[in-house]
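Peer 1: This is data.txt (compact mmCIF, N, CA and C atoms).
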```txt
# COMPACT_ATOMS: atom_id res chain seq x y z
N MET A 1 -26.52 90.75 193.90
CA MET A 1 -26.71 89.86 192.77
C MET A 1 -25.83 90.31 191.61
N ILE A 2 -25.76 91.60 191.33
CA ILE A 2 -24.94 92.12 190.25
C ILE A 2 -23.47 91.88 190.55
N ASN A 3 -23.10 92.04 191.81
CA ASN A 3 -21.72 91.81 192.21
C ASN A 3 -21.33 90.34 191.98
N LEU A 4 -22.23 89.39 192.23
CA LEU A 4 -21.99 87.96 192.02
C LEU A 4 -21.80 87.66 190.53
N LEU A 5 -22.60 88.27 189.67
CA LEU A 5 -22.46 88.06 188.23
C LEU A 5 -21.13 88.61 187.72
N ILE A 6 -20.73 89.73 188.21
CA ILE A 6 -19.47 90.32 187.79
C ILE A 6 -18.30 89.44 188.24
N THR A 7 -18.39 88.89 189.42
CA THR A 7 -17.33 88.02 189.95
C THR A 7 -17.20 86.77 189.09
N ASN A 8 -18.34 86.16 188.70
CA ASN A 8 -18.31 84.95 187.88
C ASN A 8 -17.72 85.22 186.50
N LYS A 9 -17.98 86.39 185.94
CA LYS A 9 -17.45 86.73 184.62
C LYS A 9 -15.95 86.96 184.68
N LEU A 10 -15.43 87.40 185.77
CA LEU A 10 -14.01 87.68 185.89
C LEU A 10 -13.19 86.42 186.20
N GLN A 11 -13.84 85.34 186.64
CA GLN A 11 -13.13 84.12 186.99
C GLN A 11 -12.60 83.44 185.72
N LYS A 12 -11.31 83.13 185.70
CA LYS A 12 -10.69 82.50 184.55
C LYS A 12 -9.99 81.22 185.02
N GLY A 13 -9.86 80.24 184.10
CA GLY A 13 -9.14 79.01 184.42
C GLY A 13 -10.04 77.96 185.05
N LEU A 14 -9.40 76.88 185.50
CA LEU A 14 -10.12 75.74 186.10
C LEU A 14 -9.88 75.70 187.59
N SER A 15 -10.87 75.23 188.27
CA SER A 15 -10.68 75.03 189.71
C SER A 15 -9.96 73.70 189.91
N LEU A 16 -9.46 73.48 191.10
CA LEU A 16 -8.76 72.25 191.42
C LEU A 16 -9.68 71.04 191.27
N ILE A 17 -10.92 71.17 191.66
CA ILE A 17 -11.90 70.07 191.54
C ILE A 17 -12.12 69.71 190.08
N GLU A 18 -12.28 70.72 189.21
CA GLU A 18 -12.48 70.46 187.78
C GLU A 18 -11.26 69.76 187.19
N LEU A 19 -10.09 70.18 187.58
CA LEU A 19 -8.86 69.55 187.10
C LEU A 19 -8.76 68.11 187.58
N MET A 20 -9.11 67.84 188.83
CA MET A 20 -9.07 66.48 189.36
C MET A 20 -10.07 65.58 188.66
N ILE A 21 -11.24 66.10 188.34
CA ILE A 21 -12.25 65.32 187.62
C ILE A 21 -11.75 64.98 186.22
N ALA A 22 -11.15 65.95 185.56
CA ALA A 22 -10.61 65.71 184.22
C ALA A 22 -9.50 64.66 184.26
N MET A 23 -8.63 64.73 185.25
CA MET A 23 -7.56 63.74 185.39
C MET A 23 -8.12 62.35 185.68
N ALA A 24 -9.16 62.27 186.48
CA ALA A 24 -9.79 60.98 186.78
C ALA A 24 -10.38 60.37 185.51
N ILE A 25 -11.01 61.18 184.70
CA ILE A 25 -11.60 60.69 183.44
C ILE A 25 -10.49 60.18 182.52
N VAL A 26 -9.41 60.91 182.40
CA VAL A 26 -8.28 60.48 181.56
C VAL A 26 -7.70 59.16 182.09
N GLY A 27 -7.60 59.04 183.40
CA GLY A 27 -7.09 57.81 184.01
C GLY A 27 -7.98 56.62 183.73
N ILE A 28 -9.28 56.80 183.83
CA ILE A 28 -10.23 55.71 183.57
C ILE A 28 -10.15 55.28 182.11
N ILE A 29 -10.11 56.24 181.22
CA ILE A 29 -10.00 55.92 179.78
C ILE A 29 -8.69 55.17 179.51
N GLY A 30 -7.61 55.60 180.14
CA GLY A 30 -6.32 54.94 179.97
C GLY A 30 -6.33 53.50 180.47
N THR A 31 -6.96 53.25 181.61
CA THR A 31 -6.98 51.89 182.14
C THR A 31 -7.84 50.97 181.28
N ILE A 32 -8.78 51.51 180.56
CA ILE A 32 -9.60 50.70 179.66
C ILE A 32 -8.88 50.51 178.32
N ALA A 33 -8.26 51.54 177.81
CA ALA A 33 -7.67 51.51 176.47
C ALA A 33 -6.36 50.73 176.40
N LEU A 34 -5.51 50.80 177.40
CA LEU A 34 -4.20 50.17 177.35
C LEU A 34 -4.28 48.65 177.19
N PRO A 35 -5.04 47.92 177.99
CA PRO A 35 -5.14 46.47 177.77
C PRO A 35 -5.72 46.11 176.41
N THR A 36 -6.67 46.89 175.95
CA THR A 36 -7.25 46.63 174.63
C THR A 36 -6.20 46.81 173.55
N TYR A 37 -5.40 47.84 173.65
CA TYR A 37 -4.33 48.08 172.68
C TYR A 37 -3.29 46.95 172.73
N GLN A 38 -2.92 46.52 173.94
CA GLN A 38 -1.94 45.44 174.06
C GLN A 38 -2.46 44.14 173.45
N ASP A 39 -3.74 43.84 173.64
CA ASP A 39 -4.34 42.67 173.02
C ASP A 39 -4.32 42.78 171.51
N TYR A 40 -4.58 43.97 171.01
CA TYR A 40 -4.54 44.21 169.56
C TYR A 40 -3.14 43.94 169.01
N VAL A 41 -2.12 44.42 169.68
CA VAL A 41 -0.74 44.23 169.23
C VAL A 41 -0.40 42.73 169.24
N GLU A 42 -0.76 42.02 170.30
CA GLU A 42 -0.47 40.59 170.40
C GLU A 42 -1.20 39.81 169.31
N THR A 43 -2.46 40.12 169.07
CA THR A 43 -3.23 39.45 168.02
C THR A 43 -2.63 39.71 166.65
N SER A 44 -2.21 40.92 166.40
CA SER A 44 -1.59 41.27 165.12
C SER A 44 -0.27 40.52 164.92
N LYS A 45 0.51 40.42 165.98
CA LYS A 45 1.79 39.72 165.91
C LYS A 45 1.58 38.25 165.56
N ARG A 46 0.63 37.61 166.24
CA ARG A 46 0.35 36.19 165.97
C ARG A 46 -0.20 36.00 164.55
N ALA A 47 -0.98 36.96 164.06
CA ALA A 47 -1.51 36.87 162.70
C ALA A 47 -0.38 36.92 161.68
N VAL A 48 0.61 37.77 161.90
CA VAL A 48 1.76 37.86 161.00
C VAL A 48 2.54 36.55 161.02
N LEU A 49 2.75 35.99 162.21
CA LEU A 49 3.48 34.73 162.31
C LEU A 49 2.75 33.63 161.54
N THR A 50 1.44 33.54 161.73
CA THR A 50 0.63 32.53 161.06
C THR A 50 0.65 32.72 159.55
N GLU A 51 0.53 33.95 159.10
CA GLU A 51 0.55 34.24 157.67
C GLU A 51 1.89 33.84 157.04
N ASN A 52 2.98 34.17 157.71
CA ASN A 52 4.30 33.82 157.19
C ASN A 52 4.52 32.31 157.19
N MET A 53 3.99 31.61 158.19
CA MET A 53 4.12 30.15 158.20
C MET A 53 3.33 29.55 157.05
N GLY A 54 2.18 30.10 156.74
CA GLY A 54 1.41 29.64 155.58
C GLY A 54 2.17 29.88 154.29
N SER A 55 2.87 30.99 154.21
CA SER A 55 3.68 31.30 153.03
C SER A 55 4.83 30.31 152.90
N ILE A 56 5.50 30.00 154.00
CA ILE A 56 6.58 29.01 153.97
C ILE A 56 6.03 27.67 153.51
N ARG A 57 4.85 27.33 153.98
CA ARG A 57 4.23 26.06 153.58
C ARG A 57 4.06 26.00 152.06
N LEU A 58 3.59 27.10 151.46
CA LEU A 58 3.41 27.12 150.01
C LEU A 58 4.75 26.94 149.28
N PHE A 59 5.80 27.59 149.77
CA PHE A 59 7.11 27.44 149.16
C PHE A 59 7.62 26.01 149.32
N GLN A 60 7.33 25.40 150.48
CA GLN A 60 7.74 24.01 150.70
C GLN A 60 6.98 23.07 149.76
N GLU A 61 5.70 23.32 149.57
CA GLU A 61 4.91 22.48 148.66
C GLU A 61 5.42 22.61 147.24
N GLU A 62 5.78 23.81 146.84
CA GLU A 62 6.33 24.02 145.51
C GLU A 62 7.64 23.26 145.34
N ARG A 63 8.47 23.29 146.39
CA ARG A 63 9.75 22.57 146.35
C ARG A 63 9.51 21.06 146.27
N ARG A 64 8.55 20.55 147.02
CA ARG A 64 8.26 19.12 147.00
C ARG A 64 7.79 18.69 145.61
N LEU A 65 6.97 19.53 144.99
CA LEU A 65 6.50 19.19 143.65
C LEU A 65 7.62 19.21 142.61
N SER A 66 8.56 20.14 142.76
CA SER A 66 9.63 20.25 141.77
C SER A 66 10.81 19.31 142.05
N ARG A 67 11.09 19.03 143.33
CA ARG A 67 12.27 18.22 143.66
C ARG A 67 11.95 16.93 144.41
N GLY A 68 10.68 16.73 144.77
CA GLY A 68 10.28 15.46 145.37
C GLY A 68 10.35 15.36 146.87
N ALA A 69 10.79 16.40 147.58
CA ALA A 69 10.89 16.30 149.04
C ALA A 69 10.85 17.69 149.67
N TYR A 70 10.40 17.71 150.93
CA TYR A 70 10.48 18.92 151.73
C TYR A 70 11.92 19.07 152.21
N ILE A 71 12.25 20.23 152.73
CA ILE A 71 13.61 20.45 153.21
C ILE A 71 13.56 21.24 154.52
N ALA A 72 14.46 20.89 155.43
CA ALA A 72 14.58 21.61 156.70
C ALA A 72 15.44 22.84 156.49
N GLY A 73 15.17 23.87 157.26
CA GLY A 73 15.96 25.08 157.15
C GLY A 73 15.53 26.11 158.18
N THR A 74 16.26 27.21 158.22
CA THR A 74 16.00 28.27 159.20
C THR A 74 16.06 29.62 158.50
N TYR A 75 15.17 30.50 158.93
CA TYR A 75 15.28 31.91 158.52
C TYR A 75 15.56 32.69 159.80
N ASP A 76 16.74 33.28 159.86
CA ASP A 76 17.14 34.06 161.03
C ASP A 76 17.13 35.54 160.65
N HIS A 77 16.33 36.32 161.35
CA HIS A 77 16.19 37.74 161.01
C HIS A 77 17.49 38.51 161.15
N THR A 78 18.43 38.01 161.96
CA THR A 78 19.70 38.71 162.11
C THR A 78 20.65 38.43 160.95
N ASN A 79 20.42 37.32 160.22
CA ASN A 79 21.24 36.97 159.06
C ASN A 79 20.35 36.31 158.01
N PRO A 80 19.51 37.11 157.34
CA PRO A 80 18.50 36.54 156.45
C PRO A 80 19.04 35.78 155.25
N ASN A 81 20.23 36.09 154.80
CA ASN A 81 20.79 35.41 153.63
C ASN A 81 21.83 34.37 154.00
N ALA A 82 21.71 33.78 155.18
CA ALA A 82 22.67 32.79 155.65
C ALA A 82 22.66 31.56 154.75
N SER A 83 23.82 30.96 154.62
CA SER A 83 23.94 29.73 153.84
C SER A 83 23.10 28.64 154.50
N GLY A 84 22.30 27.95 153.72
CA GLY A 84 21.44 26.90 154.26
C GLY A 84 20.15 27.44 154.86
N GLY A 85 19.90 28.71 154.70
CA GLY A 85 18.68 29.31 155.22
C GLY A 85 17.51 29.14 154.27
N LEU A 86 16.33 29.46 154.73
CA LEU A 86 15.13 29.31 153.90
C LEU A 86 15.17 30.17 152.65
N THR A 87 15.83 31.31 152.72
CA THR A 87 15.92 32.17 151.54
C THR A 87 16.72 31.46 150.45
N GLU A 88 17.82 30.83 150.82
CA GLU A 88 18.64 30.11 149.85
C GLU A 88 17.98 28.80 149.40
N LEU A 89 17.39 28.07 150.34
CA LEU A 89 16.88 26.73 150.03
C LEU A 89 15.57 26.73 149.24
N ILE A 90 14.64 27.59 149.63
CA ILE A 90 13.34 27.58 148.95
C ILE A 90 12.94 28.94 148.38
N GLY A 91 13.79 29.94 148.59
CA GLY A 91 13.51 31.27 148.05
C GLY A 91 12.54 32.09 148.87
N TRP A 92 12.32 31.71 150.13
CA TRP A 92 11.35 32.42 150.95
C TRP A 92 12.04 33.46 151.83
N ALA A 93 11.40 34.62 151.95
CA ALA A 93 11.78 35.66 152.91
C ALA A 93 10.51 36.41 153.27
N PRO A 94 10.41 36.90 154.51
CA PRO A 94 9.20 37.64 154.87
C PRO A 94 9.06 38.91 154.04
N GLN A 95 7.83 39.40 153.96
CA GLN A 95 7.58 40.59 153.16
C GLN A 95 8.22 41.83 153.76
N THR A 96 8.45 41.81 155.05
CA THR A 96 9.05 42.96 155.72
C THR A 96 10.11 42.48 156.69
N ASP A 97 11.14 43.28 156.87
CA ASP A 97 12.20 42.95 157.82
C ASP A 97 11.97 43.61 159.18
N ILE A 98 10.83 44.23 159.37
CA ILE A 98 10.54 44.92 160.61
C ILE A 98 10.41 43.94 161.77
N ASP A 99 9.74 42.81 161.51
CA ASP A 99 9.53 41.83 162.57
C ASP A 99 10.83 41.09 162.87
N GLU A 100 11.11 40.93 164.13
CA GLU A 100 12.32 40.23 164.55
C GLU A 100 11.93 38.79 164.89
N VAL A 101 11.77 37.98 163.83
CA VAL A 101 11.26 36.62 163.99
C VAL A 101 12.22 35.64 163.34
N THR A 102 12.43 34.52 164.02
CA THR A 102 13.21 33.42 163.47
C THR A 102 12.24 32.28 163.16
N TYR A 103 12.33 31.75 161.94
CA TYR A 103 11.47 30.65 161.50
C TYR A 103 12.34 29.41 161.32
N VAL A 104 11.88 28.29 161.89
CA VAL A 104 12.62 27.03 161.78
C VAL A 104 11.69 25.98 161.20
N VAL A 105 12.14 25.34 160.13
CA VAL A 105 11.42 24.21 159.54
C VAL A 105 12.19 22.95 159.95
N ASP A 106 11.51 22.06 160.69
CA ASP A 106 12.15 20.83 161.13
C ASP A 106 11.13 19.69 161.14
N ASN A 107 11.52 18.54 161.69
CA ASN A 107 10.68 17.35 161.69
C ASN A 107 10.18 17.03 160.29
N VAL A 108 11.07 17.15 159.33
CA VAL A 108 10.72 16.93 157.93
C VAL A 108 10.59 15.43 157.67
N THR A 109 9.44 15.03 157.11
CA THR A 109 9.22 13.66 156.66
C THR A 109 8.78 13.71 155.21
N THR A 110 8.44 12.56 154.66
CA THR A 110 7.96 12.54 153.27
C THR A 110 6.56 13.10 153.15
N THR A 111 5.86 13.19 154.29
CA THR A 111 4.47 13.65 154.24
C THR A 111 4.23 15.00 154.89
N GLY A 112 5.22 15.57 155.55
CA GLY A 112 4.98 16.85 156.21
C GLY A 112 6.20 17.41 156.90
N PHE A 113 5.99 18.46 157.66
CA PHE A 113 7.06 19.16 158.36
C PHE A 113 6.43 20.06 159.43
N ARG A 114 7.28 20.60 160.30
CA ARG A 114 6.82 21.53 161.34
C ARG A 114 7.54 22.85 161.16
N ILE A 115 6.79 23.94 161.34
CA ILE A 115 7.38 25.29 161.30
C ILE A 115 7.19 25.90 162.68
N THR A 116 8.27 26.42 163.24
CA THR A 116 8.21 27.11 164.52
C THR A 116 8.70 28.54 164.30
N ALA A 117 7.86 29.49 164.69
CA ALA A 117 8.21 30.91 164.57
C ALA A 117 8.43 31.46 165.97
N THR A 118 9.58 32.08 166.19
CA THR A 118 9.91 32.62 167.50
C THR A 118 10.22 34.10 167.35
N HIS A 119 9.39 34.94 167.98
CA HIS A 119 9.61 36.39 167.95
C HIS A 119 10.66 36.75 169.00
N SER A 120 11.37 37.84 168.80
CA SER A 120 12.41 38.24 169.74
C SER A 120 11.87 38.56 171.13
N ASP A 121 10.57 38.84 171.23
CA ASP A 121 9.99 39.12 172.55
C ASP A 121 9.54 37.84 173.27
N GLY A 122 9.78 36.67 172.66
CA GLY A 122 9.44 35.41 173.30
C GLY A 122 8.17 34.75 172.81
N THR A 123 7.40 35.41 171.97
CA THR A 123 6.19 34.82 171.42
C THR A 123 6.58 33.68 170.49
N VAL A 124 5.95 32.50 170.69
CA VAL A 124 6.26 31.33 169.87
C VAL A 124 4.97 30.79 169.29
N GLU A 125 5.01 30.49 168.01
CA GLU A 125 3.88 29.88 167.30
C GLU A 125 4.45 28.70 166.52
N SER A 126 3.78 27.54 166.60
CA SER A 126 4.28 26.35 165.92
C SER A 126 3.12 25.64 165.22
N LYS A 127 3.38 25.17 164.00
CA LYS A 127 2.36 24.44 163.25
C LYS A 127 3.00 23.28 162.52
N THR A 128 2.27 22.17 162.50
CA THR A 128 2.71 21.01 161.74
C THR A 128 1.84 20.87 160.51
N PHE A 129 2.49 20.68 159.39
CA PHE A 129 1.77 20.53 158.12
C PHE A 129 1.99 19.15 157.57
```
As structure tokens, what does this structure read like?

Peer 2:
Amino acid sequence: MINLLITNKLQKGLSLIELMIAMAIVGIIGTIALPTYQDYVETSKRAVLTENMGSIRLFQEERRLSRGAYIAGTYDHTNPNASGGLTELIGWAPQTDIDEVTYVVDNVTTTGFRITATHSDGTVESKTF
């Protein structure tokens, strides 16, 4: 009995079984966490697109009140200050340049317009106002 206690005290490190159990637990946590994180990223991206489209709408409404009409235009993240772009036409630019998104205002009528936001990864959000 004393020999068994001494042997247990001298044992250091993890056994292969303990290591395999730890790896299995990490794997299970990873398979649960990764899809949740990806959904979070996608939801956040769509929220930014929607928020920016709402901001463009406000700038368009301000322009309609001051000049009498909405205007079509594009905001291209690769050339934000392009001639005829939304920055020049209505003074709008996103709060951050981190997002690689192109915004297009088209289907302009006297009563409304459509905004289409296209992220570089292919995510598209469109709203008609």

Peer 1: Excluding region 69-76 of chain A and residues on its chain fewer than 4 positions from it, collect all residues at most 6.5 Å away from it, counting only N, CA and C atoms, and give them as a list in words.

Peer 2: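 Answer for this query is Gln60, Arg63, Arg64, Leu65, Pro80, Gly84, Gly85, Leu86, Thr87, Val101, Thr102, Tyr103, Val104, Val105, Asp106, Val108, Thr109 and Thr110 of chain A.
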
Peer 1: Figure out the distance between atom C of Phe59 (chain A) and CA of Ile90 (chain A), please, to one decimal in Å.

Peer 2: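 Separation of CA of Ile90 (chain A) and atom C of Phe59 (chain A): 5.9 Å.
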
Peer 1: Please compute the CA of Ile29 (chain A)-CA of Leu16 (chain A) distance, one decimal, in Å.

Peer 2: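 Separation between CA of Ile29 (chain A) and CA of Leu16 (chain A): 20.1 Å.
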
Peer 1: Specify the axis-aligned box that encloses all atoms of region 70-88 of chain A listed in the file after padding of 6 Å on each side, stating its centre and edge lengths in Å to one decimal as JSON.

Peer 2:
```
{"center_x": 17.2, "center_y": 28.2, "center_z": 155.8, "size_x": 25.5, "size_y": 33.0, "size_z": 24.7}
```

Peer 1: Compare A:Pro94, A:Gly68, A:Gly13, A:Pro35 by their minimum atom-to-atom distance to Asn52 (chain A), counting only C-alpha atoms, and give me the closest one.

Peer 2: A:Pro94

Peer 1: What gap, in Å, lies between atom N of Glu62 (chain A) and atom C of Phe113 (chain A)?

Peer 2: 13.2 Å

Peer 1: Determine the nearest neighbour of Asp121 (chain A) from the options A:Glu88, A:Asp39, A:Glu100, A:Glu18, counting only N, CA and C atoms.

Peer 2: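 Result for the nearest residue to Asp121 (chain A): A:Glu100.
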
Peer 1: Quick one: DSSP alpha helix (DSSP H) residues in chain A, as a PyMOL selection string?

Peer 2: chain A and resi 2-10+16-67+86-90

Peer 1: With all atoms listed in the file as the basis for distance, which of A:Ala22, A:Gln38, A:Ser83, A:Thr50 is at the shortest distance from Ala117 (chain A)?

Peer 2: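 So, comparing all the options, the nearest one is A:Thr50.
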
Peer 1: If you run DSSP on the backbone, which residues of region 39-118 of chain A are strand (DSSP E or B), as a list in words?

Peer 2: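 Strand (DSSP E or B) members of region 39-118 of chain A, listed: Gly73, Thr74, Tyr75, Gly85, Val101, Thr102, Tyr103, Val104, Val105, Asp106, Arg114, Ile115, Thr116, Ala117 and Thr118 of chain A.
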
Peer 1: Using only C-alpha atoms for the distances, tell me which of A:Ile17, A:Gly122, A:Lys127, A:Gly112 is nearest to Glu61 (chain A).

Peer 2: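 Distance minimum relative to Glu61 (chain A) lands on A:Gly112.
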
Peer 1: Could you name the residues that touch Met53 (chain A) at 8 Å or less, counting all atoms listed in the file, but leaving out those on the same chain fewer than 4 positions away, as a PyMOL selection string?

Peer 2: chain A and resi 47-49+57-59+115-117+127

Peer 1: Complete the atoms of region 38-60 of chain A to N, CA, C and O atoms and put them out as a compact mmCIF listing (two decimals), keeping the file's coordinate frame.

Peer 2:
```txt
# COMPACT_ATOMS: atom_id res chain seq x y z
N GLN A 38 -2.92 46.52 173.94
CA GLN A 38 -1.94 45.44 174.06
C GLN A 38 -2.46 44.14 173.45
O GLN A 38 -1.72 43.40 172.81
N ASP A 39 -3.74 43.84 173.64
CA ASP A 39 -4.34 42.67 173.02
C ASP A 39 -4.32 42.78 171.51
O ASP A 39 -4.08 41.81 170.81
N TYR A 40 -4.58 43.97 171.01
CA TYR A 40 -4.54 44.21 169.56
C TYR A 40 -3.14 43.94 169.01
O TYR A 40 -2.99 43.30 167.98
N VAL A 41 -2.12 44.42 169.68
CA VAL A 41 -0.74 44.23 169.23
C VAL A 41 -0.40 42.73 169.24
O VAL A 41 0.18 42.22 168.28
N GLU A 42 -0.76 42.02 170.30
CA GLU A 42 -0.47 40.59 170.40
C GLU A 42 -1.20 39.81 169.31
O GLU A 42 -0.63 38.92 168.67
N THR A 43 -2.46 40.12 169.07
CA THR A 43 -3.23 39.45 168.02
C THR A 43 -2.63 39.71 166.65
O THR A 43 -2.52 38.80 165.82
N SER A 44 -2.21 40.92 166.40
CA SER A 44 -1.59 41.27 165.12
C SER A 44 -0.27 40.52 164.92
O SER A 44 0.02 40.02 163.83
N LYS A 45 0.51 40.42 165.98
CA LYS A 45 1.79 39.72 165.91
C LYS A 45 1.58 38.25 165.56
O LYS A 45 2.23 37.70 164.68
N ARG A 46 0.63 37.61 166.24
CA ARG A 46 0.35 36.19 165.97
C ARG A 46 -0.20 36.00 164.55
O ARG A 46 0.10 35.01 163.89
N ALA A 47 -0.98 36.96 164.06
CA ALA A 47 -1.51 36.87 162.70
C ALA A 47 -0.38 36.92 161.68
O ALA A 47 -0.40 36.18 160.69
N VAL A 48 0.61 37.77 161.90
CA VAL A 48 1.76 37.86 161.00
C VAL A 48 2.54 36.55 161.02
O VAL A 48 2.94 36.04 159.97
N LEU A 49 2.75 35.99 162.21
CA LEU A 49 3.48 34.73 162.31
C LEU A 49 2.75 33.63 161.54
O LEU A 49 3.35 32.87 160.78
N THR A 50 1.44 33.54 161.73
CA THR A 50 0.63 32.53 161.06
C THR A 50 0.65 32.72 159.55
O THR A 50 0.77 31.75 158.79
N GLU A 51 0.53 33.95 159.10
CA GLU A 51 0.55 34.24 157.67
C GLU A 51 1.89 33.84 157.04
O GLU A 51 1.93 33.22 155.97
N ASN A 52 2.98 34.17 157.71
CA ASN A 52 4.30 33.82 157.19
C ASN A 52 4.52 32.31 157.19
O ASN A 52 5.14 31.78 156.27
N MET A 53 3.99 31.61 158.19
CA MET A 53 4.12 30.15 158.20
C MET A 53 3.33 29.55 157.05
O MET A 53 3.77 28.57 156.43
N GLY A 54 2.18 30.10 156.74
CA GLY A 54 1.41 29.64 155.58
C GLY A 54 2.17 29.88 154.29
O GLY A 54 2.13 29.04 153.37
N SER A 55 2.87 30.99 154.21
CA SER A 55 3.68 31.30 153.03
C SER A 55 4.83 30.31 152.90
O SER A 55 5.12 29.82 151.80
N ILE A 56 5.50 30.00 154.00
CA ILE A 56 6.58 29.01 153.97
C ILE A 56 6.03 27.67 153.51
O ILE A 56 6.66 26.96 152.72
N ARG A 57 4.85 27.33 153.98
CA ARG A 57 4.23 26.06 153.58
C ARG A 57 4.06 26.00 152.06
O ARG A 57 4.34 24.99 151.42
N LEU A 58 3.59 27.10 151.46
CA LEU A 58 3.41 27.12 150.01
C LEU A 58 4.75 26.94 149.28
O LEU A 58 4.83 26.22 148.29
N PHE A 59 5.80 27.59 149.77
CA PHE A 59 7.11 27.44 149.16
C PHE A 59 7.62 26.01 149.32
O PHE A 59 8.24 25.46 148.41
N GLN A 60 7.33 25.40 150.48
CA GLN A 60 7.74 24.01 150.70
C GLN A 60 6.98 23.07 149.76
O GLN A 60 7.56 22.13 149.21
```
